[in-house]
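What follows is the content of structure_30.pdb (PDB, C-alpha atoms).
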```pdb
ATOM      1  CA  MET A   1     173.176 371.653  94.636
ATOM      2  CA  ALA A   2     171.500 369.340  97.150
ATOM      3  CA  SER A   3     167.826 368.685  96.801
ATOM      4  CA  SER A   4     165.602 370.394  99.360
ATOM      5  CA  LYS A   5     162.919 367.747  99.006
ATOM      6  CA  LYS A   6     162.075 365.597 101.975
ATOM      7  CA  VAL A   7     162.861 361.930 101.373
ATOM      8  CA  ILE A   8     160.304 359.405 102.604
ATOM      9  CA  THR A   9     161.433 355.792 102.655
ATOM     10  CA  ARG A  10     159.240 352.868 101.638
ATOM     11  CA  GLU A  11     159.054 351.722 105.281
ATOM     12  CA  GLU A  12     157.870 355.142 106.439
ATOM     13  CA  TRP A  13     155.389 355.444 103.579
ATOM     14  CA  GLU A  14     153.870 352.011 104.097
ATOM     15  CA  LYS A  15     153.471 352.741 107.806
ATOM     16  CA  LYS A  16     151.553 355.904 106.947
ATOM     17  CA  LEU A  17     149.322 353.927 104.567
ATOM     18  CA  ILE A  18     148.612 351.303 107.230
ATOM     19  CA  ASP A  19     147.593 354.062 109.657
ATOM     20  CA  VAL A  20     144.864 355.178 107.246
ATOM     21  CA  LYS A  21     141.761 353.244 108.237
ATOM     22  CA  ILE A  22     139.302 352.466 105.425
ATOM     23  CA  ARG A  23     136.238 350.375 106.155
ATOM     24  CA  LYS A  24     135.806 347.260 104.044
ATOM     25  CA  GLU A  25     132.127 348.179 103.609
ATOM     26  CA  ASP A  26     133.138 351.453 101.964
ATOM     27  CA  MET A  27     135.520 349.668  99.615
ATOM     28  CA  ASN A  28     132.792 347.192  98.687
ATOM     29  CA  LYS A  29     130.360 350.009  97.945
ATOM     30  CA  LEU A  30     132.961 351.698  95.761
ATOM     31  CA  VAL A  31     133.473 348.523  93.735
ATOM     32  CA  MET A  32     129.723 347.898  93.466
ATOM     33  CA  ASN A  33     129.176 351.488  92.355
ATOM     34  CA  PHE A  34     131.628 350.939  89.493
ATOM     35  CA  LEU A  35     130.100 347.617  88.422
ATOM     36  CA  VAL A  36     126.531 348.938  88.476
ATOM     37  CA  THR A  37     127.314 352.227  86.721
ATOM     38  CA  GLU A  38     129.328 350.518  83.997
ATOM     39  CA  GLY A  39     126.712 347.797  83.582
ATOM     40  CA  TYR A  40     128.642 344.661  84.529
ATOM     41  CA  VAL A  41     125.568 342.650  85.531
ATOM     42  CA  ASP A  42     127.118 339.229  86.156
ATOM     43  CA  ALA A  43     130.105 340.657  87.996
ATOM     44  CA  ALA A  44     127.824 342.852  90.134
ATOM     45  CA  GLU A  45     125.671 339.891  91.148
ATOM     46  CA  LYS A  46     128.673 337.700  91.992
ATOM     47  CA  PHE A  47     130.296 340.512  93.950
ATOM     48  CA  ARG A  48     127.041 341.153  95.837
ATOM     49  CA  MET A  49     126.877 337.505  96.894
ATOM     50  CA  GLU A  50     130.535 337.370  97.917
ATOM     51  CA  SER A  51     130.712 340.718  99.697
ATOM     52  CA  GLY A  52     127.243 340.863 101.212
ATOM     53  CA  THR A  53     126.601 344.365  99.913
ATOM     54  CA  GLU A  54     123.076 345.688  99.597
ATOM     55  CA  HIS A  55     120.658 344.133  97.118
ATOM     56  CA  ILE A  56     120.676 345.571  93.612
ATOM     57  CA  ASP A  57     118.003 345.435  90.949
ATOM     58  CA  LEU A  58     119.791 343.609  88.151
ATOM     59  CA  ALA A  59     116.878 344.141  85.773
ATOM     60  CA  THR A  60     117.492 347.895  85.745
ATOM     61  CA  ILE A  61     121.130 347.331  84.774
ATOM     62  CA  THR A  62     120.191 344.894  82.016
ATOM     63  CA  ASP A  63     117.575 347.261  80.599
ATOM     64  CA  ARG A  64     119.977 350.204  80.691
ATOM     65  CA  MET A  65     122.701 348.258  78.916
ATOM     66  CA  ALA A  66     120.210 347.172  76.243
ATOM     67  CA  VAL A  67     119.460 350.824  75.515
ATOM     68  CA  LYS A  68     123.142 351.709  75.422
ATOM     69  CA  LYS A  69     123.983 348.801  73.105
ATOM     70  CA  ALA A  70     121.146 349.721  70.737
ATOM     71  CA  VAL A  71     122.534 353.247  70.322
ATOM     72  CA  GLN A  72     126.082 351.939  69.907
ATOM     73  CA  CYS A  73     124.842 349.668  67.108
ATOM     74  CA  GLY A  74     122.961 352.503  65.393
ATOM     75  CA  ASN A  75     119.496 351.154  66.262
ATOM     76  CA  VAL A  76     118.238 354.465  67.622
ATOM     77  CA  GLU A  77     114.517 353.823  67.154
ATOM     78  CA  ASP A  78     114.883 350.616  69.127
ATOM     79  CA  ALA A  79     116.797 352.508  71.827
ATOM     80  CA  ILE A  80     114.026 355.108  72.132
ATOM     81  CA  GLU A  81     111.416 352.366  72.462
ATOM     82  CA  LYS A  82     113.483 350.697  75.166
ATOM     83  CA  VAL A  83     113.803 353.991  77.057
ATOM     84  CA  ASN A  84     110.037 354.424  76.845
ATOM     85  CA  ASP A  85     109.604 350.905  78.200
ATOM     86  CA  LEU A  86     111.430 352.024  81.330
ATOM     87  CA  ASN A  87     108.500 354.374  81.973
ATOM     88  CA  PRO A  88     105.400 352.490  83.141
ATOM     89  CA  GLU A  89     102.986 354.734  81.252
ATOM     90  CA  GLY A  90     105.041 355.302  78.106
ATOM     91  CA  SER A  91     106.948 358.515  78.009
ATOM     92  CA  THR A  92     107.399 360.224  74.691
ATOM     93  CA  LYS A  93     103.684 360.604  74.068
ATOM     94  CA  ALA A  94     104.219 363.907  75.795
ATOM     95  CA  LEU A  95     106.687 364.917  73.121
ATOM     96  CA  TYR A  96     103.981 364.799  70.469
ATOM     97  CA  GLY A  97     100.985 365.974  72.445
ATOM     98  CA  ASN A  98      99.904 367.231  75.814
ATOM     99  CA  PRO A  99     103.095 367.459  77.920
ATOM    100  CA  HIS A 100     101.157 366.425  81.018
ATOM    101  CA  ARG A 101      99.261 363.481  79.534
ATOM    102  CA  ASN A 102      99.835 360.242  81.439
ATOM    103  CA  ASN A 103     102.356 361.988  83.663
ATOM    104  CA  PRO A 104     102.532 361.061  87.337
ATOM    105  CA  ASN A 105     101.526 363.770  89.746
ATOM    106  CA  ASP A 106     104.183 366.014  91.257
ATOM    107  CA  GLN A 107     103.941 364.272  94.606
ATOM    108  CA  ASP A 108     104.832 360.930  93.025
ATOM    109  CA  VAL A 109     107.881 362.417  91.316
ATOM    110  CA  GLN A 110     109.111 364.295  94.367
ATOM    111  CA  SER A 111     108.678 361.309  96.665
ATOM    112  CA  GLY A 112     110.604 359.053  94.285
ATOM    113  CA  SER A 113     107.719 356.583  94.020
ATOM    114  CA  TYR A 114     107.770 357.132  90.270
ATOM    115  CA  PRO A 115     111.365 356.143  89.547
ATOM    116  CA  TYR A 116     112.063 357.049  85.946
ATOM    117  CA  LYS A 117     110.452 360.512  85.816
ATOM    118  CA  TYR A 118     109.873 360.408  82.074
ATOM    119  CA  ILE A 119     113.480 360.478  80.944
ATOM    120  CA  LEU A 120     112.960 361.827  77.425
ATOM    121  CA  ASP A 121     110.112 364.182  78.342
ATOM    122  CA  THR A 122     112.230 365.967  80.906
ATOM    123  CA  ASN A 123     115.417 366.016  78.829
ATOM    124  CA  PRO A 124     114.807 367.698  75.451
ATOM    125  CA  GLN A 125     118.532 367.851  74.714
ATOM    126  CA  LEU A 126     118.873 364.100  75.085
ATOM    127  CA  PHE A 127     115.851 363.476  72.865
ATOM    128  CA  PHE A 128     117.221 365.854  70.224
ATOM    129  CA  HIS A 129     120.575 364.075  70.255
ATOM    130  CA  LEU A 130     118.852 360.729  69.822
ATOM    131  CA  GLN A 131     116.872 362.099  66.876
ATOM    132  CA  GLN A 132     120.054 363.618  65.500
ATOM    133  CA  GLN A 133     121.663 360.185  65.711
ATOM    134  CA  ARG A 134     118.706 358.730  63.822
ATOM    135  CA  LEU A 135     119.339 361.303  61.089
ATOM    136  CA  ILE A 136     123.029 360.401  61.015
ATOM    137  CA  GLU A 137     122.181 356.715  60.593
ATOM    138  CA  LEU A 138     119.825 357.489  57.693
ATOM    139  CA  ILE A 139     122.584 359.468  55.990
ATOM    140  CA  ARG A 140     125.108 356.704  56.690
ATOM    141  CA  ASN A 141     122.803 354.207  54.968
ATOM    142  CA  GLY A 142     122.330 356.441  51.915
ATOM    143  CA  LYS A 143     118.632 357.132  52.571
ATOM    144  CA  VAL A 144     118.816 360.737  51.376
ATOM    145  CA  ASP A 145     115.112 361.409  50.770
ATOM    146  CA  GLU A 146     114.126 359.830  54.075
ATOM    147  CA  ALA A 147     116.857 361.790  55.849
ATOM    148  CA  LEU A 148     115.666 365.109  54.406
ATOM    149  CA  GLU A 149     112.060 364.370  55.329
ATOM    150  CA  PHE A 150     113.032 363.318  58.845
ATOM    151  CA  ALA A 151     115.179 366.416  59.346
ATOM    152  CA  GLN A 152     112.400 368.693  58.145
ATOM    153  CA  GLU A 153     109.577 367.116  60.121
ATOM    154  CA  GLU A 154     111.264 366.033  63.347
ATOM    155  CA  LEU A 155     114.360 368.159  63.880
ATOM    156  CA  ALA A 156     113.731 371.490  62.164
ATOM    157  CA  PRO A 157     110.879 372.480  64.531
ATOM    158  CA  ARG A 158     113.166 371.896  67.502
ATOM    159  CA  GLY A 159     115.892 373.933  65.846
ATOM    160  CA  GLU A 160     113.491 376.865  65.554
ATOM    161  CA  GLU A 161     113.052 376.807  69.323
ATOM    162  CA  ASN A 162     116.682 376.296  70.275
ATOM    163  CA  GLN A 163     119.670 377.934  68.578
ATOM    164  CA  SER A 164     122.151 375.267  69.640
ATOM    165  CA  PHE A 165     119.868 372.549  68.238
ATOM    166  CA  LEU A 166     119.666 374.470  64.969
ATOM    167  CA  GLU A 167     123.456 374.666  64.715
ATOM    168  CA  GLU A 168     123.807 370.933  65.385
ATOM    169  CA  LEU A 169     121.125 370.181  62.798
ATOM    170  CA  GLU A 170     122.874 372.334  60.176
ATOM    171  CA  ARG A 171     126.163 370.497  60.824
ATOM    172  CA  THR A 172     124.445 367.142  60.442
ATOM    173  CA  VAL A 173     122.557 368.042  57.261
ATOM    174  CA  ALA A 174     125.867 369.260  55.798
ATOM    175  CA  LEU A 175     126.819 365.596  55.431
ATOM    176  CA  LEU A 176     124.351 365.358  52.554
ATOM    177  CA  ALA A 177     126.433 367.758  50.483
ATOM    178  CA  PHE A 178     129.301 365.270  50.221
ATOM    179  CA  GLU A 179     129.466 362.009  48.326
ATOM    180  CA  ASP A 180     132.839 361.265  49.894
ATOM    181  CA  PHE A 181     132.432 361.675  53.628
ATOM    182  CA  SER A 182     136.202 361.513  54.118
ATOM    183  CA  ASN A 183     136.415 365.005  52.611
ATOM    184  CA  CYS A 184     133.533 366.362  54.694
ATOM    185  CA  PRO A 185     134.512 368.854  57.432
ATOM    186  CA  VAL A 186     131.878 367.329  59.730
ATOM    187  CA  GLY A 187     132.627 363.736  58.763
ATOM    188  CA  GLU A 188     133.396 362.904  62.400
ATOM    189  CA  LEU A 189     129.644 362.708  62.964
ATOM    190  CA  LEU A 190     129.780 359.364  61.155
ATOM    191  CA  ASP A 191     132.523 358.035  63.411
ATOM    192  CA  ILE A 192     131.683 355.343  65.937
ATOM    193  CA  SER A 193     132.769 357.845  68.598
ATOM    194  CA  GLN A 194     129.604 359.846  67.871
ATOM    195  CA  ARG A 195     127.455 356.793  68.622
ATOM    196  CA  LEU A 196     129.413 356.196  71.815
ATOM    197  CA  LYS A 197     128.944 359.817  72.841
ATOM    198  CA  THR A 198     125.172 359.599  72.381
ATOM    199  CA  ALA A 199     125.039 356.214  74.122
ATOM    200  CA  SER A 200     126.923 357.630  77.109
ATOM    201  CA  GLU A 201     124.502 360.541  77.317
ATOM    202  CA  VAL A 202     121.527 358.173  77.375
ATOM    203  CA  ASN A 203     123.217 355.955  79.954
ATOM    204  CA  ALA A 204     123.869 358.945  82.222
ATOM    205  CA  ALA A 205     120.266 360.127  81.924
ATOM    206  CA  ILE A 206     118.880 356.718  82.876
ATOM    207  CA  LEU A 207     121.228 356.483  85.851
ATOM    208  CA  THR A 208     120.155 359.934  87.028
ATOM    209  CA  SER A 209     116.486 358.970  86.700
ATOM    210  CA  GLN A 210     117.194 355.958  88.912
ATOM    211  CA  SER A 211     118.838 358.173  91.554
ATOM    212  CA  HIS A 212     122.295 356.783  90.776
ATOM    213  CA  GLU A 213     125.416 358.791  90.065
ATOM    214  CA  LYS A 214     125.813 359.164  86.328
ATOM    215  CA  ASP A 215     129.553 358.494  86.551
ATOM    216  CA  PRO A 216     131.354 355.854  88.642
ATOM    217  CA  LYS A 217     133.277 357.172  91.638
ATOM    218  CA  LEU A 218     136.407 355.071  91.116
ATOM    219  CA  PRO A 219     137.822 356.949  88.065
ATOM    220  CA  SER A 220     137.356 360.255  89.913
ATOM    221  CA  LEU A 221     139.280 358.912  92.909
ATOM    222  CA  LEU A 222     142.090 357.744  90.636
ATOM    223  CA  LYS A 223     142.268 361.197  89.055
ATOM    224  CA  MET A 224     142.442 362.652  92.561
ATOM    225  CA  LEU A 225     145.308 360.281  93.366
ATOM    226  CA  ILE A 226     147.257 361.428  90.296
ATOM    227  CA  TRP A 227     146.629 365.087  91.173
ATOM    228  CA  ALA A 228     147.735 364.552  94.788
ATOM    229  CA  GLN A 229     150.934 362.799  93.693
ATOM    230  CA  ASN A 230     151.727 365.612  91.272
ATOM    231  CA  GLN A 231     151.307 368.139  94.059
ATOM    232  CA  LEU A 232     153.481 366.107  96.412
ATOM    233  CA  ASP A 233     156.223 365.636  93.802
ATOM    234  CA  ASP A 234     157.352 369.241  94.318
ATOM    235  CA  LYS A 235     157.786 368.753  98.048
ATOM    236  CA  ALA A 236     159.019 365.225  98.642
ATOM    237  CA  ALA A 237     160.586 362.096  97.198
ATOM    238  CA  TYR A 238     158.381 359.163  98.153
ATOM    239  CA  PRO A 239     157.264 355.723  96.937
ATOM    240  CA  ARG A 240     155.003 356.587  94.018
ATOM    241  CA  ILE A 241     152.272 354.695  92.174
ATOM    242  CA  ASN A 242     153.118 355.084  88.493
ATOM    243  CA  ASP A 243     151.060 352.198  87.137
ATOM    244  CA  LEU A 244     147.444 352.439  88.303
ATOM    245  CA  SER A 245     146.656 348.972  86.961
ATOM    246  CA  THR A 246     148.997 347.336  89.489
ATOM    247  CA  ALA A 247     149.088 350.054  92.193
ATOM    248  CA  ARG A 248     152.673 348.992  92.877
ATOM    249  CA  LEU A 249     154.752 351.424  94.924
ATOM    250  CA  GLU A 250     158.022 352.407  93.249
ATOM    251  CA  ASP A 251     160.926 353.603  95.380
ATOM    252  CA  PRO A 252     161.801 357.295  95.044
ATOM    253  CA  ALA A 253     164.764 358.306  92.907
ATOM    254  CA  VAL A 254     167.210 360.051  95.256
TER     255      VAL A 254
END
```

Same coordinates, now as structure tokens:
Amino acid sequence: MASSKKVITREEWEKKLIDVKIRKEDMNKLVMNFLVTEGYVDAAEKFRMESGTEHIDLATITDRMAVKKAVQCGNVEDAIEKVNDLNPEGSTKALYGNPHRNNPNDQDVQSGSYPYKYILDTNPQLFFHLQQQRLIELIRNGKVDEALEFAQEELAPRGEENQSFLEELERTVALLAFEDFSNCPVGELLDISQRLKTASEVNAAILTSQSHEKDPKLPSLLKMLIWAQNQLDDKAAYPRINDLSTARLEDPAV
């Protein structure tokens, strides 16, 4: 039975691609967005000079990557201090006292003249996850007494106010019941992937506070490309991009 799909030759397909006009400025912005969001400082600066794209504050990227690296290495206290350093007045004082102490006024925040907006003060879930990671690191290092004290004093009060926090705390404390973490049902909390997850959450929060997208646009566009090709596969045979790393068109199988 003959295929009912329309066959589009490479020549026809490439002509259609040429007819799609994309401004070089937009492509440059897309690349810069990826470099800034992912924290490639040197590459971003070189690309800015070569492409003439708008000026970027490299210091903000460097500071953000320092926070992310600290979490990835398990240095959570250092990461929290670095996040606080992003706030001119010092942020997490509000977490232990008056929630409005040292805060900028609402007009400053709304106008954007106060750029970081107290990242940890305004994101209790992020702060809890950072404290949870601190607890995980204490357990990883065998500091049982210190871990129990930290859980009781710092995390338990937050669990009383938030059911999801309480459930996450209970899962984390369950690690203490096992000498061999490989047999622990929540042993994945000690995996490096847990650090990476927390680091990504912090990175996204800092980007949001700086009025940047928390995720780069390029991966989303690539996902859209894959989706569009999958939709088109049912209707036509056409030169397809199967390897996104090369973007090479492959002739349709007819």

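Applied to the file shown here, the PyMOL selection byres ((chain A and resi 125) around 12) selects Ile119, Leu120, Asp121, Thr122, Asn123, Pro124, Leu126, Phe127, Phe128, His129, Leu130, Gln131, Gln132, Leu155, Arg158, Gly159, Glu161, Asn162, Gln163, Ser164, Phe165, Leu166, Glu168, Thr198, Glu201, Val202 and Ala205 of chain A.
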
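With distances restricted to only C-alpha atoms, A:Gly52 is the closest residue to Lys24 in chain A from A:Pro216, A:Gly52, A:Pro239, A:Gly142.
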
Residues near range 29-45 of chain A, cut-off 12 Å, all atoms listed in the file, skip fewer than 4 positions along chain, as a short mmCIF file (atom, residue, chain, number, x, y, z; two decimals) with C-alpha atoms, keeping the file's coordinate frame:
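Final file, out-v8.cif:
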```cif
data_model
loop_
_atom_site.label_atom_id
_atom_site.label_comp_id
_atom_site.auth_asym_id
_atom_site.auth_seq_id
_atom_site.Cartn_x
_atom_site.Cartn_y
_atom_site.Cartn_z
CA ILE A 22 139.30 352.47 105.42
CA ARG A 23 136.24 350.38 106.16
CA LYS A 24 135.81 347.26 104.04
CA GLU A 25 132.13 348.18 103.61
CA MET A 49 126.88 337.50 96.89
CA GLU A 50 130.54 337.37 97.92
CA SER A 51 130.71 340.72 99.70
CA GLY A 52 127.24 340.86 101.21
CA THR A 53 126.60 344.36 99.91
CA GLU A 54 123.08 345.69 99.60
CA HIS A 55 120.66 344.13 97.12
CA ILE A 56 120.68 345.57 93.61
CA ASP A 57 118.00 345.44 90.95
CA LEU A 58 119.79 343.61 88.15
CA ALA A 59 116.88 344.14 85.77
CA THR A 60 117.49 347.90 85.74
CA ILE A 61 121.13 347.33 84.77
CA THR A 62 120.19 344.89 82.02
CA ASP A 63 117.58 347.26 80.60
CA ARG A 64 119.98 350.20 80.69
CA MET A 65 122.70 348.26 78.92
CA ALA A 66 120.21 347.17 76.24
CA VAL A 67 119.46 350.82 75.52
CA LYS A 68 123.14 351.71 75.42
CA LYS A 69 123.98 348.80 73.10
CA SER A 200 126.92 357.63 77.11
CA ASN A 203 123.22 355.96 79.95
CA ALA A 204 123.87 358.94 82.22
CA ALA A 205 120.27 360.13 81.92
CA ILE A 206 118.88 356.72 82.88
CA LEU A 207 121.23 356.48 85.85
CA THR A 208 120.16 359.93 87.03
CA GLN A 210 117.19 355.96 88.91
CA SER A 211 118.84 358.17 91.55
CA HIS A 212 122.30 356.78 90.78
CA GLU A 213 125.42 358.79 90.06
CA LYS A 214 125.81 359.16 86.33
CA ASP A 215 129.55 358.49 86.55
CA PRO A 216 131.35 355.85 88.64
CA LYS A 217 133.28 357.17 91.64
CA LEU A 218 136.41 355.07 91.12
CA PRO A 219 137.82 356.95 88.06
CA SER A 220 137.36 360.26 89.91
CA LEU A 221 139.28 358.91 92.91
#
```

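Closest to Lys82 in chain A among A:Leu176, A:Ala70, A:Leu169, A:Glu146 is A:Ala70, based on only C-alpha atoms.
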
Is it possible to get the residues within 10 Å of (121.2, 358.6, 60.5) (coordinates as in the file, counting only C-alpha atoms) written as a JSON list (two decimals) with C-alpha atoms, keeping the file's coordinate frame?
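Result went into out.json, see below:
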```json
[["chain", "number", "residue", "atom", "x", "y", "z"],
["A", 74, "GLY", "CA", 122.96, 352.50, 65.39],
["A", 75, "ASN", "CA", 119.50, 351.15, 66.26],
["A", 76, "VAL", "CA", 118.24, 354.46, 67.62],
["A", 130, "LEU", "CA", 118.85, 360.73, 69.82],
["A", 131, "GLN", "CA", 116.87, 362.10, 66.88],
["A", 132, "GLN", "CA", 120.05, 363.62, 65.50],
["A", 133, "GLN", "CA", 121.66, 360.18, 65.71],
["A", 134, "ARG", "CA", 118.71, 358.73, 63.82],
["A", 135, "LEU", "CA", 119.34, 361.30, 61.09],
["A", 136, "ILE", "CA", 123.03, 360.40, 61.02],
["A", 137, "GLU", "CA", 122.18, 356.72, 60.59],
["A", 138, "LEU", "CA", 119.82, 357.49, 57.69],
["A", 139, "ILE", "CA", 122.58, 359.47, 55.99],
["A", 140, "ARG", "CA", 125.11, 356.70, 56.69],
["A", 141, "ASN", "CA", 122.80, 354.21, 54.97],
["A", 142, "GLY", "CA", 122.33, 356.44, 51.92],
["A", 143, "LYS", "CA", 118.63, 357.13, 52.57],
["A", 144, "VAL", "CA", 118.82, 360.74, 51.38],
["A", 146, "GLU", "CA", 114.13, 359.83, 54.08],
["A", 147, "ALA", "CA", 116.86, 361.79, 55.85],
["A", 150, "PHE", "CA", 113.03, 363.32, 58.84],
["A", 151, "ALA", "CA", 115.18, 366.42, 59.35],
["A", 172, "THR", "CA", 124.44, 367.14, 60.44],
["A", 189, "LEU", "CA", 129.64, 362.71, 62.96],
["A", 190, "LEU", "CA", 129.78, 359.36, 61.16]]
```

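Rounded to one decimal, CA of Ala236 in chain A and CA of Ala253 in chain A lie 10.7 Å from each other.
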
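A straight line drawn from CA of Glu154 in chain A to CA of Glu81 in chain A is 16.4 Å long.
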
A straight line from CA of Val173 in chain A to CA of Asp78 in chain A spans 22.4 Å

I'd like to see the residues matched by the PyMOL selection byres ((chain A and resi 237) around 9) on this file, and ideally I'd get them as a PDB file with C-alpha atoms, keeping the file's coordinate frame.
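Writing done, so here's expr_0.pdb:
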```pdb
ATOM      1  CA  LYS A   5     162.919 367.747  99.006  1.00  0.00           C
ATOM      2  CA  LYS A   6     162.075 365.597 101.975  1.00  0.00           C
ATOM      3  CA  VAL A   7     162.861 361.930 101.373  1.00  0.00           C
ATOM      4  CA  ILE A   8     160.304 359.405 102.604  1.00  0.00           C
ATOM      5  CA  THR A   9     161.433 355.792 102.655  1.00  0.00           C
ATOM      6  CA  LEU A 232     153.481 366.107  96.412  1.00  0.00           C
ATOM      7  CA  ASP A 233     156.223 365.636  93.802  1.00  0.00           C
ATOM      8  CA  ASP A 234     157.352 369.241  94.318  1.00  0.00           C
ATOM      9  CA  LYS A 235     157.786 368.753  98.048  1.00  0.00           C
ATOM     10  CA  ALA A 236     159.019 365.225  98.642  1.00  0.00           C
ATOM     11  CA  TYR A 238     158.381 359.163  98.153  1.00  0.00           C
ATOM     12  CA  PRO A 239     157.264 355.723  96.937  1.00  0.00           C
ATOM     13  CA  ARG A 240     155.003 356.587  94.018  1.00  0.00           C
ATOM     14  CA  ASP A 251     160.926 353.603  95.380  1.00  0.00           C
ATOM     15  CA  PRO A 252     161.801 357.295  95.044  1.00  0.00           C
ATOM     16  CA  ALA A 253     164.764 358.306  92.907  1.00  0.00           C
ATOM     17  CA  VAL A 254     167.210 360.051  95.256  1.00  0.00           C
TER      18      VAL A 254
END
```

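For range 191-194 of chain A, the residues within 9 Å (counting all atoms listed in the file, excluding itself and residues fewer than 3 positions away along the chain) are Gln72, Cys73, Gln133, Gly187, Glu188, Lys197, Thr198 and Ala199 of chain A.
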